[in-house]
>>> print(open('input-v5.txt').read())   # compact mmCIF, C-alpha atoms
# COMPACT_ATOMS: atom_id res chain seq x y z
CA MET A 225 143.65 95.19 45.23
CA ARG A 226 140.43 96.67 46.38
CA ILE A 227 138.64 94.25 48.63
CA THR A 228 134.97 93.66 48.08
CA GLN A 229 133.03 92.57 51.12
CA GLY A 230 129.51 93.40 52.18
CA CYS A 231 127.06 95.69 50.45
CA PHE A 232 128.03 98.40 47.97
CA SER A 233 131.63 97.21 47.79
CA PHE A 234 131.64 97.18 43.99
CA LEU A 235 130.59 100.82 43.96
CA PRO A 236 132.89 103.78 44.49
CA ASP A 237 133.36 104.56 48.19
CA LEU A 238 130.24 106.05 49.73
CA THR A 239 130.33 109.70 50.72
CA ASP A 240 129.38 110.65 54.26
CA GLU A 241 126.03 111.85 53.00
CA GLN A 242 125.34 108.50 51.36
CA ILE A 243 126.49 106.66 54.47
CA SER A 244 124.18 108.79 56.54
CA LYS A 245 121.23 107.92 54.30
CA GLN A 246 121.97 104.21 54.51
CA VAL A 247 122.21 104.46 58.28
CA GLN A 248 118.93 106.34 58.39
CA TYR A 249 117.36 103.51 56.42
CA CYS A 250 118.65 101.01 58.98
CA LEU A 251 117.38 103.09 61.90
CA ALA A 252 113.99 103.49 60.25
CA ASN A 253 113.78 99.70 60.15
CA GLY A 254 114.61 99.52 63.83
CA TRP A 255 118.02 97.93 63.39
CA ALA A 256 120.89 98.69 65.72
CA VAL A 257 123.94 99.99 63.90
CA ASN A 258 127.41 98.87 64.93
CA ILE A 259 130.83 100.15 63.97
CA GLU A 260 133.54 97.55 63.51
CA PHE A 261 137.16 97.80 62.41
CA THR A 262 140.01 95.47 61.51
CA ASP A 263 143.33 95.36 59.78
CA ASP A 264 142.99 91.75 58.74
CA PRO A 265 141.05 91.86 55.48
CA HIS A 266 140.83 88.10 54.91
CA PRO A 267 137.30 87.26 53.77
CA ARG A 268 137.07 84.50 56.37
CA ASN A 269 137.82 86.95 59.15
CA ASN A 270 134.30 87.30 60.47
CA PHE A 271 135.14 88.80 63.78
CA TRP A 272 136.09 92.42 63.51
CA GLU A 273 136.70 94.53 66.57
CA MET A 274 133.79 96.63 67.73
CA TRP A 275 134.06 100.34 68.20
CA GLY A 276 132.03 100.92 71.34
CA LEU A 277 128.75 99.19 71.92
CA PRO A 278 125.96 98.48 69.43
CA MET A 279 123.89 101.63 69.12
CA PHE A 280 120.36 100.77 70.09
CA ASP A 281 117.53 103.30 70.38
CA LEU A 282 118.95 105.90 68.01
CA ARG A 283 116.59 108.05 65.97
CA ASP A 284 118.93 109.92 63.71
CA ALA A 285 121.99 108.97 61.70
CA ALA A 286 123.97 111.92 63.04
CA GLY A 287 124.74 109.93 66.17
CA VAL A 288 126.30 107.09 64.18
CA LEU A 289 128.21 109.52 62.00
CA MET A 290 129.59 111.16 65.12
CA GLU A 291 130.99 107.83 66.30
CA LEU A 292 132.27 107.00 62.84
CA THR A 293 134.21 110.26 62.75
CA GLU A 294 135.76 109.38 66.10
CA CYS A 295 136.62 105.91 64.90
CA ARG A 296 138.21 107.24 61.73
CA LYS A 297 140.35 109.56 63.79
CA VAL A 298 141.83 106.61 65.64
CA TYR A 299 141.69 103.84 63.03
CA GLY A 300 141.63 105.78 59.79
CA ASP A 301 144.28 103.45 58.37
CA ARG A 302 142.18 100.31 58.82
CA TYR A 303 139.00 98.87 57.39
CA ILE A 304 135.88 100.14 59.11
CA ARG A 305 132.44 98.77 58.42
CA LEU A 306 128.96 99.46 59.62
CA SER A 307 126.66 96.57 60.33
CA ALA A 308 122.98 96.73 61.12
CA PHE A 309 121.62 94.20 63.56
CA ASP A 310 117.95 93.26 63.49
CA SER A 311 116.90 92.12 66.94
CA SER A 312 113.34 91.19 65.98
CA HIS A 313 112.21 87.65 66.60
CA GLY A 314 113.09 85.25 63.82
CA TRP A 315 115.91 87.40 62.46
CA GLU A 316 118.23 88.13 65.34
CA SER A 317 121.10 88.65 62.98
CA VAL A 318 122.92 91.17 60.85
CA ARG A 319 120.78 92.50 58.01
CA LEU A 320 123.16 94.87 56.29
CA SER A 321 126.88 95.43 56.40
CA PHE A 322 129.08 97.73 54.36
CA ILE A 323 132.59 99.10 54.39
CA VAL A 324 132.89 102.81 55.12
CA ASN A 325 136.63 103.22 55.42
CA ARG A 326 139.60 101.46 53.88
CA PRO A 327 143.38 101.89 54.00
CA LYS A 328 145.01 104.02 51.33
CA GLU A 329 147.01 101.10 49.99
CA GLU A 330 145.50 97.67 49.82
CA PRO A 331 148.29 95.24 48.93
CA GLY A 332 145.90 92.38 48.21
CA PHE A 333 146.27 88.64 48.53
CA ARG A 334 148.64 85.95 47.37
CA LEU A 335 147.80 82.40 46.51
CA GLU A 336 149.78 79.82 48.47
CA ARG A 337 150.22 76.29 47.28
CA HIS A 338 150.74 73.71 49.95
CA GLU A 339 152.12 70.39 48.76
CA VAL A 340 150.70 67.52 50.75
CA GLU A 341 150.98 63.73 50.55
CA GLY A 342 150.93 62.27 47.08
CA ARG A 343 151.99 65.62 45.62
CA ASN A 344 148.47 66.88 46.03
CA ILE A 345 148.16 70.62 46.30
CA ARG A 346 146.04 72.61 48.73
CA TYR A 347 145.45 76.19 47.96
CA THR A 348 145.02 79.03 50.38
CA THR A 349 144.88 82.81 50.14
CA LYS A 350 146.90 85.03 52.40
CA SER A 351 146.80 88.76 52.71
CA TYR A 352 150.14 90.51 52.24
CA ALA A 353 149.12 92.91 54.94
CA VAL A 354 149.01 90.31 57.70
CA ASP A 355 152.70 89.51 57.30
CA ARG A 356 153.32 92.48 59.56
CA PRO A 357 152.20 92.58 63.18
CA GLU A 358 148.76 93.83 64.03
CA GLY A 359 148.56 97.60 64.20
CA GLN A 360 151.45 98.15 61.75
CA ARG A 361 149.88 96.56 58.72
CA TYR A 362 148.92 99.63 56.79
CA GLY A 363 151.78 101.89 57.75
CA GLY A 364 149.73 103.34 60.56
CA SER A 365 150.21 103.59 64.27
CA MET B 251 116.26 121.96 54.18
CA VAL B 252 114.00 122.77 51.28
CA ASP B 253 114.80 119.75 49.20
CA SER B 254 112.38 120.53 46.40
CA ALA B 255 114.15 123.82 45.82
CA GLY B 256 117.23 121.79 44.88
CA ASP B 257 118.21 123.47 41.64
CA ALA B 258 115.28 125.82 41.13
CA PRO B 259 116.26 129.49 41.02
CA PRO B 260 115.91 131.29 44.36
CA ALA B 261 112.39 132.57 44.99
CA THR B 262 111.91 136.31 44.78
CA GLN B 263 108.45 136.48 46.30
CA VAL B 264 106.98 134.38 49.02
CA ASP B 265 103.41 134.32 50.20
CA LEU B 266 103.89 134.57 53.94
CA ARG B 267 100.40 133.42 54.80
CA ARG B 268 100.72 130.33 52.66
CA GLU B 269 104.12 129.55 54.08
CA PHE B 270 102.73 129.94 57.59
CA ASP B 271 99.83 127.60 56.88
CA GLU B 272 102.01 125.10 55.09
CA VAL B 273 104.31 124.69 58.07
CA GLY B 274 101.33 124.19 60.36
CA ILE B 275 102.90 126.26 63.06
CA GLY B 276 99.83 128.36 63.75
CA GLU B 277 98.13 125.23 64.97
CA VAL B 278 100.95 124.43 67.37
CA LEU B 279 100.98 127.97 68.72
CA ASP B 280 97.21 127.98 69.16
CA GLN B 281 97.43 124.71 70.99
CA LEU B 282 100.09 126.24 73.18
CA ASP B 283 97.77 129.14 73.98
CA ARG B 284 94.86 126.84 74.66
CA GLU B 285 96.56 124.25 76.78
CA LEU B 286 99.09 126.30 78.66
CA ILE B 287 97.57 128.77 81.06
CA GLY B 288 99.44 131.98 81.85
CA LEU B 289 103.18 131.95 81.13
CA LYS B 290 103.00 135.19 79.12
CA PRO B 291 106.75 135.78 78.76
CA VAL B 292 107.30 132.19 77.74
CA LYS B 293 104.66 132.29 75.04
CA THR B 294 105.98 135.59 73.72
CA ARG B 295 109.44 134.14 73.46
CA ILE B 296 108.23 131.02 71.73
CA ARG B 297 106.30 133.13 69.24
CA GLU B 298 109.42 135.15 68.56
CA ILE B 299 111.49 132.03 68.03
CA ALA B 300 108.83 130.53 65.79
CA SER B 301 108.68 133.71 63.70
CA LEU B 302 112.43 133.81 63.39
CA LEU B 303 112.49 130.22 62.24
CA LEU B 304 109.75 130.86 59.71
CA ILE B 305 111.59 133.85 58.29
CA GLU B 306 114.83 131.91 58.30
CA ARG B 307 113.10 129.23 56.28
CA ILE B 308 111.95 131.76 53.72
CA ARG B 309 115.36 133.41 53.62
CA LYS B 310 116.86 130.07 52.78
CA ARG B 311 114.46 129.71 49.90
CA MET B 312 115.48 133.16 48.66
CA ASP B 313 119.12 132.12 48.87
CA LEU B 314 119.86 134.56 51.65
CA ALA B 315 121.69 132.02 53.74
CA SER B 316 122.68 133.16 57.18
CA GLY B 317 123.42 129.87 58.87
CA ASN B 318 121.11 128.06 61.22
CA PRO B 319 120.31 130.14 64.28
CA THR B 320 121.52 128.78 67.59
CA LEU B 321 118.55 127.19 69.26
CA HIS B 322 119.93 125.96 72.56
CA MET B 323 117.76 127.19 75.40
CA SER B 324 117.68 127.42 79.12
CA PHE B 325 114.44 127.33 81.09
CA THR B 326 114.53 128.70 84.59
CA GLY B 327 111.66 128.85 87.02
CA ASN B 328 110.21 127.45 90.19
CA PRO B 329 109.00 123.87 90.52
CA GLY B 330 105.84 123.03 88.61
CA THR B 331 105.85 126.04 86.29
CA GLY B 332 105.68 123.91 83.16
CA LYS B 333 109.28 123.72 82.00
CA THR B 334 109.09 120.11 80.85
CA THR B 335 105.72 120.58 79.18
CA VAL B 336 107.01 123.53 77.21
CA ALA B 337 110.15 121.62 76.21
CA LEU B 338 107.94 118.98 74.59
CA ARG B 339 106.04 121.68 72.68
CA ILE B 340 109.23 123.36 71.54
CA ALA B 341 110.42 120.09 70.11
CA SER B 342 107.31 119.76 67.99
CA ILE B 343 107.55 123.39 66.83
CA LEU B 344 111.17 122.93 65.80
CA HIS B 345 110.26 119.70 64.07
CA LYS B 346 107.41 121.32 62.13
CA LEU B 347 109.75 124.04 60.95
CA GLY B 348 112.35 121.49 59.94
CA PHE B 349 115.05 122.68 62.30
CA VAL B 350 115.30 119.35 64.03
CA ARG B 351 114.91 116.32 61.84
CA ARG B 352 113.08 113.86 64.10
CA GLY B 353 111.50 115.88 66.87
CA GLN B 354 111.98 113.41 69.70
CA VAL B 355 112.71 114.67 73.19
CA VAL B 356 115.25 112.84 75.30
CA SER B 357 114.79 113.93 78.87
CA VAL B 358 117.69 113.27 81.22
CA THR B 359 119.07 114.27 84.58
CA ARG B 360 122.57 114.12 86.03
CA ASP B 361 122.39 110.37 86.67
CA GLU B 362 122.07 109.55 83.01
CA LEU B 363 124.98 111.72 81.93
CA VAL B 364 127.57 111.34 84.63
CA GLY B 365 129.30 108.05 85.39
CA GLN B 366 130.40 106.58 88.66
CA TYR B 367 134.08 105.97 87.99
CA ILE B 368 136.86 107.26 85.79
CA GLY B 369 136.21 106.65 82.12
CA HIS B 370 132.54 105.93 82.63
CA THR B 371 131.23 109.42 81.98
CA ALA B 372 132.27 110.05 78.39
CA PRO B 373 130.62 106.95 76.89
CA LYS B 374 127.52 107.54 78.97
CA THR B 375 127.16 111.15 77.89
CA LYS B 376 127.85 110.28 74.29
CA GLU B 377 125.28 107.51 74.37
CA ILE B 378 122.63 110.00 75.44
CA LEU B 379 123.78 112.54 72.89
CA LYS B 380 123.52 109.96 70.14
CA LYS B 381 120.00 109.09 71.18
CA ALA B 382 119.04 112.76 71.15
CA MET B 383 120.53 113.49 67.72
CA GLY B 384 117.95 114.89 65.38
CA GLY B 385 115.81 115.97 68.29
CA VAL B 386 115.88 117.80 71.57
CA LEU B 387 117.99 116.92 74.59
CA PHE B 388 116.25 118.14 77.72
CA ILE B 389 118.50 118.25 80.78
CA ASP B 390 116.40 118.69 83.87
CA GLU B 391 118.00 120.23 86.95
CA ALA B 392 121.10 120.90 84.92
CA TYR B 393 122.91 122.63 87.78
CA TYR B 394 123.58 119.25 89.37
CA LEU B 395 126.05 118.61 86.57
CA HIS B 396 128.44 120.97 88.27
CA ARG B 397 129.45 120.27 91.86
CA PRO B 398 131.60 123.17 92.96
CA ASP B 399 132.54 121.49 96.25
CA ASN B 400 134.24 118.57 94.52
CA GLU B 401 136.75 119.47 91.86
CA ARG B 402 137.23 115.83 90.86
CA ASP B 403 133.55 115.44 90.15
CA TYR B 404 132.90 113.74 86.82
CA GLY B 405 130.17 116.24 86.01
CA GLN B 406 132.77 118.55 84.54
CA GLU B 407 133.66 115.91 81.97
CA ALA B 408 130.02 115.61 80.91
CA ILE B 409 129.81 119.40 80.63
CA GLU B 410 132.84 119.52 78.36
CA ILE B 411 131.44 116.89 76.02
CA LEU B 412 128.09 118.64 75.95
CA LEU B 413 129.69 121.98 75.13
CA GLN B 414 131.71 120.46 72.35
CA VAL B 415 128.71 118.80 70.72
CA MET B 416 126.50 121.85 71.25
CA GLU B 417 129.01 123.86 69.29
CA SER B 418 129.99 121.43 66.55
CA GLN B 419 126.65 119.76 65.83
CA ARG B 420 124.29 122.66 66.19
CA GLU B 421 122.22 121.52 63.23
CA ASP B 422 121.80 118.00 64.62
CA LEU B 423 120.77 118.71 68.16
CA VAL B 424 119.02 121.27 70.33
CA VAL B 425 119.90 121.26 74.00
CA ILE B 426 117.50 122.64 76.58
CA LEU B 427 118.68 123.10 80.14
CA ALA B 428 116.14 123.50 82.89
CA GLY B 429 116.33 124.26 86.55
CA TYR B 430 115.42 126.55 89.40
CA GLY B 431 116.39 130.16 88.77
CA ASP B 432 118.97 130.96 91.42
CA ARG B 433 120.83 127.68 91.12
CA MET B 434 120.96 127.93 87.35
CA ASP B 435 122.47 131.41 87.71
CA LYS B 436 125.18 129.94 89.89
CA PHE B 437 125.68 127.12 87.40
CA PHE B 438 126.09 129.52 84.49
CA GLY B 439 128.36 131.67 86.64
CA SER B 440 130.82 128.84 87.04
CA ASN B 441 130.45 127.65 83.44
CA PRO B 442 130.57 130.78 81.29
CA GLY B 443 130.96 128.61 78.20
CA PHE B 444 127.45 127.33 78.72
CA ARG B 445 125.91 130.74 79.12
CA SER B 446 127.37 132.05 75.89
CA ARG B 447 126.38 129.00 73.88
CA ILE B 448 122.76 129.33 74.84
CA ALA B 449 120.86 131.91 72.88
CA HIS B 450 117.52 131.80 74.60
CA HIS B 451 117.21 132.22 78.34
CA ILE B 452 113.56 131.91 79.22
CA ASP B 453 112.26 132.59 82.70
CA PHE B 454 109.06 130.86 83.82
CA PRO B 455 107.02 133.01 86.21
CA ASP B 456 104.96 131.60 89.06
CA TYR B 457 101.25 131.21 88.41
CA ALA B 458 98.68 133.64 89.81
CA ASP B 459 95.71 132.28 91.78
CA ASP B 460 93.25 132.52 88.92
CA GLU B 461 95.69 130.82 86.58
CA LEU B 462 96.06 127.96 89.03
CA LEU B 463 92.28 127.63 89.15
CA ALA B 464 92.11 127.56 85.37
CA ILE B 465 94.85 124.92 85.33
CA SER B 466 92.98 122.78 87.82
CA GLU B 467 89.80 122.95 85.74
CA LEU B 468 91.75 122.02 82.64
CA MET B 469 93.28 119.05 84.45
CA LEU B 470 89.90 117.96 85.77
CA GLY B 471 88.41 118.29 82.30
CA ASP B 472 91.10 115.99 80.94
CA MET B 473 90.26 113.45 83.62
CA ASN B 474 86.50 113.83 83.05
CA TYR B 475 85.81 115.37 86.42
CA LYS B 476 84.33 118.72 87.32
CA PHE B 477 83.88 120.97 90.33
CA SER B 478 80.47 121.69 91.74
CA ALA B 479 79.94 125.40 92.36
CA ASP B 480 80.63 125.02 96.09
CA ALA B 481 83.69 122.96 95.43
CA ARG B 482 85.08 125.60 93.12
CA ALA B 483 84.66 128.28 95.73
CA ALA B 484 86.33 126.03 98.27
CA PHE B 485 89.17 125.32 95.89
CA VAL B 486 89.79 129.02 95.36
CA ARG B 487 90.30 129.27 99.11
CA TYR B 488 92.44 126.15 99.01
CA ILE B 489 94.78 127.66 96.43
CA ALA B 490 95.18 130.88 98.37
CA LEU B 491 95.97 128.94 101.55
CA ARG B 492 98.24 126.40 99.90
CA LYS B 493 100.36 129.11 98.32
CA THR B 494 101.33 130.48 101.70
CA GLN B 495 102.47 127.11 102.95
CA PRO B 496 105.95 125.68 102.43
CA LEU B 497 106.89 123.37 99.55
CA PHE B 498 104.36 124.82 97.18
CA SER B 499 105.20 123.80 93.64
CA ASN B 500 102.65 125.48 91.43
CA ALA B 501 100.83 123.22 88.98
CA ARG B 502 102.38 120.09 90.46
CA SER B 503 100.86 120.82 93.87
CA ILE B 504 97.55 121.42 92.18
CA ARG B 505 97.69 118.09 90.45
CA ASN B 506 98.52 116.33 93.70
CA ALA B 507 95.66 118.10 95.41
CA LEU B 508 93.28 117.01 92.68
CA ASP B 509 94.44 113.43 92.98
CA ARG B 510 93.75 113.46 96.70
CA MET B 511 90.32 114.94 96.07
CA ARG B 512 89.54 112.14 93.70
CA LEU B 513 90.44 109.70 96.44
CA ARG B 514 88.14 111.44 98.89
CA GLN B 515 85.35 111.62 96.35
CA ALA B 516 85.64 107.92 95.63
CA ASN B 517 85.64 107.18 99.33
CA ARG B 518 82.57 109.35 99.87
CA LEU B 519 80.67 107.60 97.09
CA VAL B 520 81.61 104.14 98.27
CA ALA B 521 80.61 104.97 101.86
CA ASP B 522 76.96 104.91 100.85
CA LEU B 523 76.37 101.70 98.94
CA ASP B 524 72.57 101.89 98.82
CA ARG B 525 72.07 104.51 96.18
CA VAL B 526 71.95 104.81 92.42
CA LEU B 527 74.68 106.99 90.96
CA SER B 528 74.25 109.23 87.95
CA VAL B 529 77.05 110.22 85.63
CA ASP B 530 76.92 113.61 87.22
CA ASP B 531 77.53 112.17 90.69
CA ILE B 532 80.53 110.28 89.46
CA MET B 533 81.97 113.32 87.73
CA SER B 534 81.47 115.97 90.38
CA LEU B 535 83.82 116.87 93.14
CA GLU B 536 81.89 118.34 96.05
CA ALA B 537 82.94 121.00 98.50
CA SER B 538 83.37 118.39 101.22
CA ASP B 539 86.04 116.65 99.11
CA VAL B 540 87.98 119.88 98.97
CA LEU B 541 87.41 121.01 102.51
CA ALA B 542 88.64 117.76 104.04
CA SER B 543 92.16 118.73 103.02
CA ARG B 544 94.74 119.17 105.72
CA VAL B 545 95.57 122.55 104.22
CA PHE B 546 92.46 123.97 105.87
CA SER B 547 93.38 122.56 109.27
CA ASN B 548 96.73 124.33 108.96
CA GLY B 549 98.63 121.13 108.33
CA SER B 550 101.13 120.81 105.53
CA GLY B 551 99.64 119.05 102.55
CA GLY B 552 102.09 117.94 99.83
>>> encode(input="input-v5.txt", output="structure tokens")
Amino acid sequence: MRITQGCFSFLPDLTDEQISKQVQYCLANGWAVNIEFTDDPHPRNNFWEMWGLPMFDLRDAAGVLMELTECRKVYGDRYIRLSAFDSSHGWESVRLSFIVNRPKEEPGFRLERHEVEGRNIRYTTKSYAVDRPEGQRYGGS
Amino acid sequence: MVDSAGDAPPATQVDLRREFDEVGIGEVLDQLDRELIGLKPVKTRIREIASLLLIERIRKRMDLASGNPTLHMSFTGNPGTGKTTVALRIASILHKLGFVRRGQVVSVTRDELVGQYIGHTAPKTKEILKKAMGGVLFIDEAYYLHRPDNERDYGQEAIEILLQVMESQREDLVVILAGYGDRMDKFFGSNPGFRSRIAHHIDFPDYADDELLAISELMLGDMNYKFSADARAAFVRYIALRKTQPLFSNARSIRNALDRMRLRQANRLVADLDRVLSVDDIMSLEASDVLASRVFSNGSGG
């Protein structure tokens, strides 16, 4: 099951050229672009690991693409996303975020029913991937 | 590079003059001629590079692709011969011709590239490289990157990263190394990889006396000052004397000298409070402002 989080996630995967144009748009707006990765695709998992520091003061997307290539080399089997942080007063938050890399196989989620008092049922979603320990979830290193 | 030529058939004829005007490079070169005094070999080389880039641009339009030329450069020359100034101009020329996308210049020295402990250098160097992407990375006094006396020096790590990026991302980044001639030769001697990756080695000659005078008048003009006739004559003598003294650094010494003359002029004007000053008084440097320099009393001015 293809997960859909952030911008553009209902579109086919962006090519590097398209990614580069999006990044250039972010830089032109003065946002700092960050690279983040995870192998826990749960939608409530807000805190992905950062690849390096946020990239402030860049002028050209090539710098971000360079880091992304590095990150893909190491974590090519995980989800990688780019997020653009707007540091201007009043915003101080992420303005744009999109996935740029995903595992080959995405096993998806299962619905778990939890019977509680009075035979009530609580529902929760769980990713099949997280049944395995971190780092081995998508058959990778 | 020529986006509009996307799927149009390759051009068979190109109006060179129009192309030249369109790029606006003549203006940059003229400005270079106007604002940079002397430096004949440098200007010739820049003209050559600019012509090559223009032709390359046209070739691309005619579908005669030959790959982007290597544009990494090394500037060697004595202190104050204008290396940094020229680097800024080069960036704008390359930008006008579309060979660098943004045209910013990131100017760094060893401190900004090399870290202080293991594992600190690579992220630091990469950070700078990322900032310079799409523009020009100007490494001043590049020979400090290599410390031959200490084989564990982290400079080597920075050099390796630089070399790798210079090779693999030639279209994203132009690297300019600058430094004093003899030390750069030594630096290239111990890093042959650097030498071969740099296509343009440009040597900046020292300025002649009359060029230094022209530079000083240009600087004064920018600051809205001028020499009186006596002061000019005195300054000619000053230049000749200053050149024979140690620690002379060409245009930089001239600028320092001018700054000190402004101080003396201000002091002279303030010394006599009971007079009405004209614009001319305020603007002129007199011979006495020049002659009070320590250079004439055989001291060592800076």
>>> residues_around(input="input-v5.txt", residues="region 399-410 of chain B", least_positions_apart="5", cutoff="7 Å", atoms="only C-alpha atoms", output="list in words")
Leu363, Val364, Gly365, Thr371, Ala372 and Thr375 of chain B
>>> residues_near_point(input="input-v5.txt", point="(144.2, 90.3, 47.8)", cutoff="7 Å", atoms="only C-alpha atoms", output="list of chain:residue names")
A:Met225, A:Ile227, A:Pro331, A:Gly332, A:Phe333, A:Arg334, A:Ser351
>>> residues_near_point(input="input-v5.txt", point="(93.1, 120.0, 97.4)", cutoff="12 Å", atoms="all atoms listed in the file", output="PyMOL selection string")
chain B and resi 462-463+466+477+481-493+501-515+535-546+550-552
>>> write_last_selection(input="input-v5.txt", atoms="C-alpha atoms", output="PDB file, in the frame of the given file")
ATOM      1  CA  LEU B 462      96.060 127.960  89.030  1.00  0.00           C
ATOM      2  CA  LEU B 463      92.280 127.630  89.150  1.00  0.00           C
ATOM      3  CA  SER B 466      92.980 122.780  87.820  1.00  0.00           C
ATOM      4  CA  PHE B 477      83.880 120.970  90.330  1.00  0.00           C
ATOM      5  CA  ALA B 481      83.690 122.960  95.430  1.00  0.00           C
ATOM      6  CA  ARG B 482      85.080 125.600  93.120  1.00  0.00           C
ATOM      7  CA  ALA B 483      84.660 128.280  95.730  1.00  0.00           C
ATOM      8  CA  ALA B 484      86.330 126.030  98.270  1.00  0.00           C
ATOM      9  CA  PHE B 485      89.170 125.320  95.890  1.00  0.00           C
ATOM     10  CA  VAL B 486      89.790 129.020  95.360  1.00  0.00           C
ATOM     11  CA  ARG B 487      90.300 129.270  99.110  1.00  0.00           C
ATOM     12  CA  TYR B 488      92.440 126.150  99.010  1.00  0.00           C
ATOM     13  CA  ILE B 489      94.780 127.660  96.430  1.00  0.00           C
ATOM     14  CA  ALA B 490      95.180 130.880  98.370  1.00  0.00           C
ATOM     15  CA  LEU B 491      95.970 128.940 101.550  1.00  0.00           C
ATOM     16  CA  ARG B 492      98.240 126.400  99.900  1.00  0.00           C
ATOM     17  CA  LYS B 493     100.360 129.110  98.320  1.00  0.00           C
ATOM     18  CA  ALA B 501     100.830 123.220  88.980  1.00  0.00           C
ATOM     19  CA  ARG B 502     102.380 120.090  90.460  1.00  0.00           C
ATOM     20  CA  SER B 503     100.860 120.820  93.870  1.00  0.00           C
ATOM     21  CA  ILE B 504      97.550 121.420  92.180  1.00  0.00           C
ATOM     22  CA  ARG B 505      97.690 118.090  90.450  1.00  0.00           C
ATOM     23  CA  ASN B 506      98.520 116.330  93.700  1.00  0.00           C
ATOM     24  CA  ALA B 507      95.660 118.100  95.410  1.00  0.00           C
ATOM     25  CA  LEU B 508      93.280 117.010  92.680  1.00  0.00           C
ATOM     26  CA  ASP B 509      94.440 113.430  92.980  1.00  0.00           C
ATOM     27  CA  ARG B 510      93.750 113.460  96.700  1.00  0.00           C
ATOM     28  CA  MET B 511      90.320 114.940  96.070  1.00  0.00           C
ATOM     29  CA  ARG B 512      89.540 112.140  93.700  1.00  0.00           C
ATOM     30  CA  LEU B 513      90.440 109.700  96.440  1.00  0.00           C
ATOM     31  CA  ARG B 514      88.140 111.440  98.890  1.00  0.00           C
ATOM     32  CA  GLN B 515      85.350 111.620  96.350  1.00  0.00           C
ATOM     33  CA  LEU B 535      83.820 116.870  93.140  1.00  0.00           C
ATOM     34  CA  GLU B 536      81.890 118.340  96.050  1.00  0.00           C
ATOM     35  CA  ALA B 537      82.940 121.000  98.500  1.00  0.00           C
ATOM     36  CA  SER B 538      83.370 118.390 101.220  1.00  0.00           C
ATOM     37  CA  ASP B 539      86.040 116.650  99.110  1.00  0.00           C
ATOM     38  CA  VAL B 540      87.980 119.880  98.970  1.00  0.00           C
ATOM     39  CA  LEU B 541      87.410 121.010 102.510  1.00  0.00           C
ATOM     40  CA  ALA B 542      88.640 117.760 104.040  1.00  0.00           C
ATOM     41  CA  SER B 543      92.160 118.730 103.020  1.00  0.00           C
ATOM     42  CA  ARG B 544      94.740 119.170 105.720  1.00  0.00           C
ATOM     43  CA  VAL B 545      95.570 122.550 104.220  1.00  0.00           C
ATOM     44  CA  PHE B 546      92.460 123.970 105.870  1.00  0.00           C
ATOM     45  CA  SER B 550     101.130 120.810 105.530  1.00  0.00           C
ATOM     46  CA  GLY B 551      99.640 119.050 102.550  1.00  0.00           C
ATOM     47  CA  GLY B 552     102.090 117.940  99.830  1.00  0.00           C
TER      48      GLY B 552
END
>>> interface_residues(input="input-v5.txt", of="chain B", to="chain A", cutoff="10 Å", atoms="all atoms listed in the file", output="JSON, numbers by chain")
{"B": [351, 352, 353, 354, 373, 376, 377, 378, 379, 380, 381, 382, 383, 384, 385, 415, 419, 421, 422, 423]}
>>> closest_residue(input="input-v5.txt", among="A:Asn325, A:Val354, A:Gln248, A:Asp310", to="Thr293 (chain A)", atoms="only C-alpha atoms")
A:Asn325
>>> closest_residue(input="input-v5.txt", among="A:Glu329, A:Ile323, A:Glu336, A:Ile345", to="Leu235 (chain A)", atoms="all atoms listed in the file")
A:Ile323
>>> atom_distance(input="input-v5.txt", atom1="CA of Ala261 (chain B)", atom2="CA of Thr320 (chain B)")
24.7 Å
>>> atom_distance(input="input-v5.txt", atom1="CA of Arg268 (chain B)", atom2="CA of Ala449 (chain B)")
28.6 Å
>>> residues_around(input="input-v5.txt", residues="region 269-279 of chain B", least_positions_apart="5", cutoff="8 Å", atoms="all atoms listed in the file", output="VMD selection string")
chain B and resid 264 297 300 304 339 342 to 343 346 to 347
